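See below for protein_23.cif, which holds mmCIF, C-alpha atoms.
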```cif
data_start
loop_
_atom_site.label_atom_id
_atom_site.label_comp_id
_atom_site.auth_asym_id
_atom_site.auth_seq_id
_atom_site.Cartn_x
_atom_site.Cartn_y
_atom_site.Cartn_z
CA MET L 116 0.21 -19.12 -10.25
CA LYS L 117 2.24 -19.49 -7.04
CA LYS L 118 5.51 -19.70 -8.98
CA THR L 119 4.59 -16.60 -10.99
CA ILE L 120 3.70 -14.66 -7.83
CA LEU L 121 6.92 -15.69 -6.09
CA LEU L 122 8.98 -14.78 -9.15
CA VAL L 123 7.35 -11.36 -9.46
CA ALA L 124 7.71 -10.74 -5.72
CA LEU L 125 11.38 -11.68 -5.87
CA LEU L 126 11.93 -9.40 -8.87
CA VAL L 127 9.84 -6.45 -7.68
CA LEU L 128 10.73 -6.22 -3.99
CA PRO L 129 14.50 -5.75 -4.49
CA LEU L 130 13.63 -2.89 -6.84
CA GLU L 131 11.44 -1.25 -4.22
CA GLY L 132 13.81 1.64 -3.56
CA SER L 133 14.09 2.64 -7.20
CA PHE L 134 10.34 2.34 -7.75
CA ALA L 135 9.08 3.66 -4.44
CA GLY L 136 10.30 7.20 -4.60
CA GLU L 137 13.78 6.64 -3.16
CA GLY L 138 14.52 10.31 -3.77
CA TYR L 139 11.43 11.37 -1.84
CA SER L 140 12.44 13.60 0.99
CA PRO L 141 9.95 16.19 2.20
CA SER L 142 11.30 19.65 2.73
CA PRO L 143 11.58 20.65 6.40
CA ASP L 144 8.60 22.97 6.08
CA THR L 145 6.31 20.28 4.58
CA ALA L 146 3.02 20.25 6.45
CA PHE L 147 1.51 16.80 6.77
CA SER L 148 -2.16 16.80 7.61
CA LYS L 149 -4.64 14.10 8.47
CA ALA L 150 -6.20 14.51 5.04
CA PRO L 151 -7.09 10.99 3.93
CA CYS L 152 -5.56 9.36 0.87
CA THR L 153 -3.05 12.09 0.14
CA VAL L 154 0.61 12.47 1.11
CA ALA L 155 2.34 15.80 0.61
CA GLY L 156 5.06 15.65 -2.03
CA SER L 157 4.09 12.28 -3.50
CA ASN L 158 3.99 13.80 -6.98
CA ASN L 159 7.77 14.32 -6.68
CA ALA L 160 8.34 10.59 -6.16
CA ARG L 161 7.47 9.29 -9.65
CA SER L 162 10.04 7.26 -11.55
CA GLY L 163 11.07 7.72 -15.15
CA LEU L 164 9.41 4.37 -15.93
CA TYR L 165 5.89 5.59 -15.25
CA ALA L 166 3.67 5.46 -18.32
CA PRO L 167 0.04 5.37 -17.16
CA ASN L 168 -2.61 3.54 -19.15
CA ALA L 169 -6.15 2.24 -18.53
CA GLU L 170 -4.93 -0.90 -16.74
CA SER L 171 -2.53 0.92 -14.44
CA ASP L 172 -5.23 3.51 -13.74
CA GLU L 173 -7.52 0.63 -12.71
CA LEU L 174 -4.97 -0.60 -10.14
CA ILE L 175 -4.50 2.92 -8.79
CA GLU L 176 -8.27 3.31 -8.42
CA LEU L 177 -8.51 -0.04 -6.59
CA GLU L 178 -5.76 1.03 -4.16
CA MET L 179 -7.35 4.43 -3.60
CA ALA L 180 -10.80 2.85 -3.08
CA GLY L 181 -9.18 0.75 -0.34
CA CYS L 182 -7.78 3.94 1.18
CA ARG L 183 -11.19 5.62 1.12
CA VAL L 184 -12.69 2.57 2.87
CA MET L 185 -9.95 2.65 5.52
CA ALA L 186 -10.62 6.37 6.01
CA GLY L 187 -14.34 5.73 6.46
CA LEU L 188 -15.25 7.68 3.32
CA GLU L 189 -16.73 4.65 1.53
CA LYS L 190 -18.33 1.37 2.53
CA PRO L 191 -16.34 -1.74 1.59
CA SER L 192 -17.64 -3.67 -1.40
CA GLN L 193 -15.00 -6.41 -1.25
CA SER L 194 -11.43 -6.77 -0.06
CA ASN L 195 -8.56 -6.00 -2.42
CA LEU L 196 -6.50 -8.63 -0.59
CA HIS L 197 -6.32 -12.16 -1.96
CA GLU L 198 -7.55 -14.75 0.54
CA HIS L 199 -3.94 -16.02 0.83
CA ALA L 200 -2.22 -12.61 0.63
CA MET L 201 0.80 -11.82 2.76
CA VAL L 202 1.30 -8.30 4.07
CA HIS L 203 4.74 -7.62 5.51
CA VAL L 204 4.74 -4.69 7.94
CA ASP L 205 8.28 -3.48 8.70
CA GLY L 206 8.77 -3.79 12.44
CA GLY L 207 5.31 -5.28 12.82
CA PRO L 208 3.44 -8.44 12.03
CA THR L 209 3.28 -10.44 8.83
CA LEU L 210 -0.40 -10.70 8.04
CA HIS L 211 -1.74 -13.82 6.35
CA GLY L 212 -4.94 -13.53 4.34
CA ALA L 213 -7.64 -10.99 3.64
CA ALA L 214 -9.38 -11.38 7.02
CA ALA L 215 -6.18 -10.64 8.98
CA GLY L 216 -5.43 -7.63 6.78
CA ALA L 217 -8.95 -6.25 7.16
CA LYS L 218 -8.83 -6.66 10.93
CA TYR L 219 -5.39 -5.05 11.31
CA PHE L 220 -5.91 -2.08 8.99
CA GLY L 221 -9.55 -1.63 10.03
CA ALA L 222 -8.41 -0.76 13.55
CA PHE L 223 -6.80 2.51 12.40
CA ASN L 224 -8.53 5.88 12.03
CA GLN L 225 -11.15 5.29 14.70
CA GLU L 226 -11.69 7.85 17.44
CA ASP L 227 -8.66 7.89 19.79
CA THR L 228 -6.63 5.46 17.62
CA ASP L 229 -3.54 5.72 15.46
CA PHE L 230 -3.93 7.51 12.12
CA LEU L 231 -2.88 5.77 8.90
CA THR L 232 -3.49 6.70 5.27
CA PHE L 233 -1.67 6.38 1.96
CA GLU L 234 -1.39 7.62 -1.61
CA VAL L 235 -0.45 5.60 -4.69
CA ILE L 236 2.36 7.06 -6.75
CA GLU L 237 2.49 4.63 -9.69
CA ALA L 238 1.10 1.36 -11.01
CA HIS L 239 2.73 -0.94 -13.54
CA ILE L 240 1.28 -3.94 -15.40
CA SER L 241 3.24 -6.97 -16.64
CA ALA L 242 3.46 -7.61 -20.39
CA SER L 243 1.22 -10.66 -19.91
CA GLY L 244 -1.41 -8.46 -18.25
CA ASP L 245 -2.01 -10.80 -15.30
CA MET L 246 0.42 -9.27 -12.78
CA GLY L 247 0.94 -5.73 -11.64
CA TRP L 248 2.43 -3.67 -8.85
CA THR L 249 1.68 -0.39 -7.22
CA HIS L 250 3.78 1.69 -4.91
CA GLY L 251 3.26 4.78 -2.89
CA LEU L 252 3.62 6.57 0.41
CA TYR L 253 1.95 6.06 3.77
CA LYS L 254 1.35 8.65 6.49
CA PHE L 255 1.25 7.32 10.04
CA GLN L 256 0.67 9.17 13.31
CA PRO L 257 0.43 7.27 16.57
CA VAL L 258 -1.84 8.73 19.24
CA GLY L 259 0.17 11.53 20.86
CA GLY L 260 3.08 11.17 18.41
CA GLU L 261 4.40 12.95 15.36
CA MET L 262 3.33 12.12 11.81
CA GLU L 263 5.87 10.24 9.71
CA VAL L 264 5.96 8.92 6.14
CA GLY L 265 6.81 5.43 4.87
CA LYS L 266 6.72 3.52 1.57
CA PHE L 267 4.77 0.54 0.29
CA VAL L 268 4.82 -1.84 -2.67
CA SER L 269 1.83 -4.04 -3.52
CA VAL L 270 2.01 -6.99 -5.93
CA TRP L 271 -1.30 -7.69 -7.70
CA HIS L 272 -2.60 -10.71 -9.61
CA ARG L 273 -5.53 -10.60 -12.04
CA GLU L 274 -8.04 -13.38 -11.42
CA GLU L 275 -11.47 -14.14 -12.85
CA SER L 276 -12.99 -12.01 -10.07
CA GLY L 277 -10.61 -9.12 -10.80
CA TRP L 278 -7.35 -7.78 -9.40
CA LYS L 279 -6.23 -8.95 -5.92
CA VAL L 280 -3.19 -8.01 -3.82
CA VAL L 281 -1.09 -11.14 -3.25
CA SER L 282 1.82 -9.49 -1.46
CA GLU L 283 2.42 -6.10 0.12
CA THR L 284 5.49 -4.72 1.84
CA VAL L 285 5.24 -1.65 4.06
CA SER L 286 8.56 -0.09 5.05
CA TYR L 287 9.41 2.82 7.27
CA THR L 288 12.64 4.62 7.92
CA HIS L 289 12.01 5.77 11.47
CA LEU L 290 8.72 4.38 12.69
CA THR L 291 7.20 1.08 13.65
CA LEU L 292 3.53 0.29 13.28
CA PRO L 293 1.85 -1.21 16.33
CA THR L 294 2.61 -4.86 16.99
CA ASN L 295 0.13 -5.33 19.81
CA ARG L 296 -2.92 -5.53 17.58
CA GLU L 297 -4.83 -8.76 17.22
CA VAL L 298 -4.49 -10.25 13.77
#
```

Once you've parsed the file, please lay out its structure as structure tokens.
Amino acid sequence: MKKTILLVALLVLPLEGSFAGEGYSPSPDTAFSKAPCTVAGSNNARSGLYAPNAESDELIELEMAGCRVMAGLEKPSQSNLHEHAMVHVDGGPTLHGAAAGAKYFGAFNQEDTDFLTFEVIEAHISASGDMGWTHGLYKFQPVGGEMEVGKFVSVWHREESGWKVVSETVSYTHLTLPTNREV
């Protein structure tokens, strides 16, 4: 499994720009709000490769359920992160494991804290059906700062217990997520 995950990560991550809405550029009058789990203009970021089906819809729903938990709209049932997952935050920490990811991302969206939410644009499933990837856009607003948008790619692996994120890369053009959080 580790070789498969590494191979998929090596193949998917270099393609991030072409799959993650490289052409996405909000118009100057785009109004970004603190609405959870939605990013203005994300529907304009789909690639020509997107062909949704029941399996890709399942990955999108898992991602969006994670967003609703982070926003405080739902109670967590279980983590989407694999126990050995790696989350690479551009300009920030590399998180190792589900507990570190839950601690880091759980510290957002509390009263008087930084705001972070995201929306999935697409999900794709491998021909073998055991690997998949999602990508989308994040909105981030530090306390007292302006809201900005970044991109993410998540690599998923299907296990007996269901789909789990094994690798995620979060990239931003202009902003840096906090690095002073305990992980």

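Using all atoms listed in the file for every distance, the candidate list L:Ile175, L:Gly181, L:Phe233, L:Met246 yields L:Gly181 as the residue closest to Gly216 in chain L.
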
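Of the residues listed (L:His239, L:Val258, L:Thr249, L:Val268), L:His239 shows the shortest atom-to-atom separation from Tyr165 in chain L; distances use only C-alpha atoms.
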
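Distances to Gly221 in chain L were evaluated for L:Ser269, L:Ser194, L:Asn159, L:Asn168 using only C-alpha atoms, and the minimum falls at L:Ser194.
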
Item checked: Test item: residues at most 6 Å from Val202 in chain L, all atoms listed in the file, excluding those fewer than 2 positions along its chain, as an NGL selection string -> :L and (209-210 or 282-284)

Deliver the residues from the most recent selection as a file, using C-alpha atoms, as a PDB file, in the coordinates of the input.
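For reference, part21.pdb as written:
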```
ATOM      1  CA  THR L 209       3.280 -10.440   8.830  1.00  0.00           C
ATOM      2  CA  LEU L 210      -0.400 -10.700   8.040  1.00  0.00           C
ATOM      3  CA  SER L 282       1.820  -9.490  -1.460  1.00  0.00           C
ATOM      4  CA  GLU L 283       2.420  -6.100   0.120  1.00  0.00           C
ATOM      5  CA  THR L 284       5.490  -4.720   1.840  1.00  0.00           C
TER       6      THR L 284
END
```

Surrounding residues of His199 in chain L excluding itself and chain neighbours under 6 positions, 7 Å, only C-alpha atoms, as an mmCIF file with C-alpha atoms, keeping the file's coordinate frame:
```cif
data_model
loop_
_atom_site.group_PDB
_atom_site.id
_atom_site.type_symbol
_atom_site.label_atom_id
_atom_site.label_comp_id
_atom_site.auth_asym_id
_atom_site.auth_seq_id
_atom_site.Cartn_x
_atom_site.Cartn_y
_atom_site.Cartn_z
ATOM 1 C CA HIS L 211 -1.740 -13.820 6.350
ATOM 2 C CA GLY L 212 -4.940 -13.530 4.340
ATOM 3 C CA ALA L 213 -7.640 -10.990 3.640
ATOM 4 C CA VAL L 281 -1.090 -11.140 -3.250
#
```

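For the pair CA of His272 in chain L and CA of Ala222 in chain L, the separation is 25.9 Å.
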
Check: Hey, what's within 7 Å of Cys152 in chain L if we count only C-alpha atoms and toss same-chain stuff fewer than 3 positions away? As a ChimeraX atom specification, please?
Finding: /L:179,182-183,232-234

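Going from CA of Pro208 in chain L to CA of Ala180 in chain L covers 23.6 Å.
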
Item checked: Reference answer for the PyMOL selection byres ((chain L and resi 276) around 12), as a list of chain:residue names -> L:Gln193, L:Ser194, L:Asn195, L:Leu196, L:His197, L:His272, L:Arg273, L:Glu274, L:Glu275, L:Gly277, L:Trp278, L:Lys279

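CA of Trp271 in chain L to CA of Pro151 in chain L spans 22.8 Å [interatomic distance, one decimal].
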
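Proximity of L:Leu252, L:Leu174, L:Ala215, L:Met185 to Glu198 in chain L, computed with only C-alpha atoms, is greatest for L:Ala215.
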
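Residue nearest Leu231 in chain L within the list L:Ala214, L:Ala169, L:Ala186, L:Ala160: L:Ala186 [criterion: smallest interatomic distance, all atoms listed in the file].
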
Notebook entry, point to check: Taking the file as shown, what set of residues would the PyMOL selection byres ((chain L and resi 227) around 12) give back, as a PyMOL selection string?
Noted result: chain L and resi 222-226+228-230+256-259

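Each of L:Gly187, L:Gly156, L:Ala166, L:Ala150 was compared to Glu237 in chain L using only C-alpha atoms, and L:Ala166 turns out to be the nearest.
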
How big is the axis-aligned box, and where does its centre sit, when it encloses all atoms of range 256-272 of chain L listed in the file and has 3 Å added on every side, reported in Å to one decimal as JSON?
```
{"center_x": 2.1, "center_y": 1.1, "center_z": 5.6, "size_x": 15.4, "size_y": 29.7, "size_z": 36.5}
```
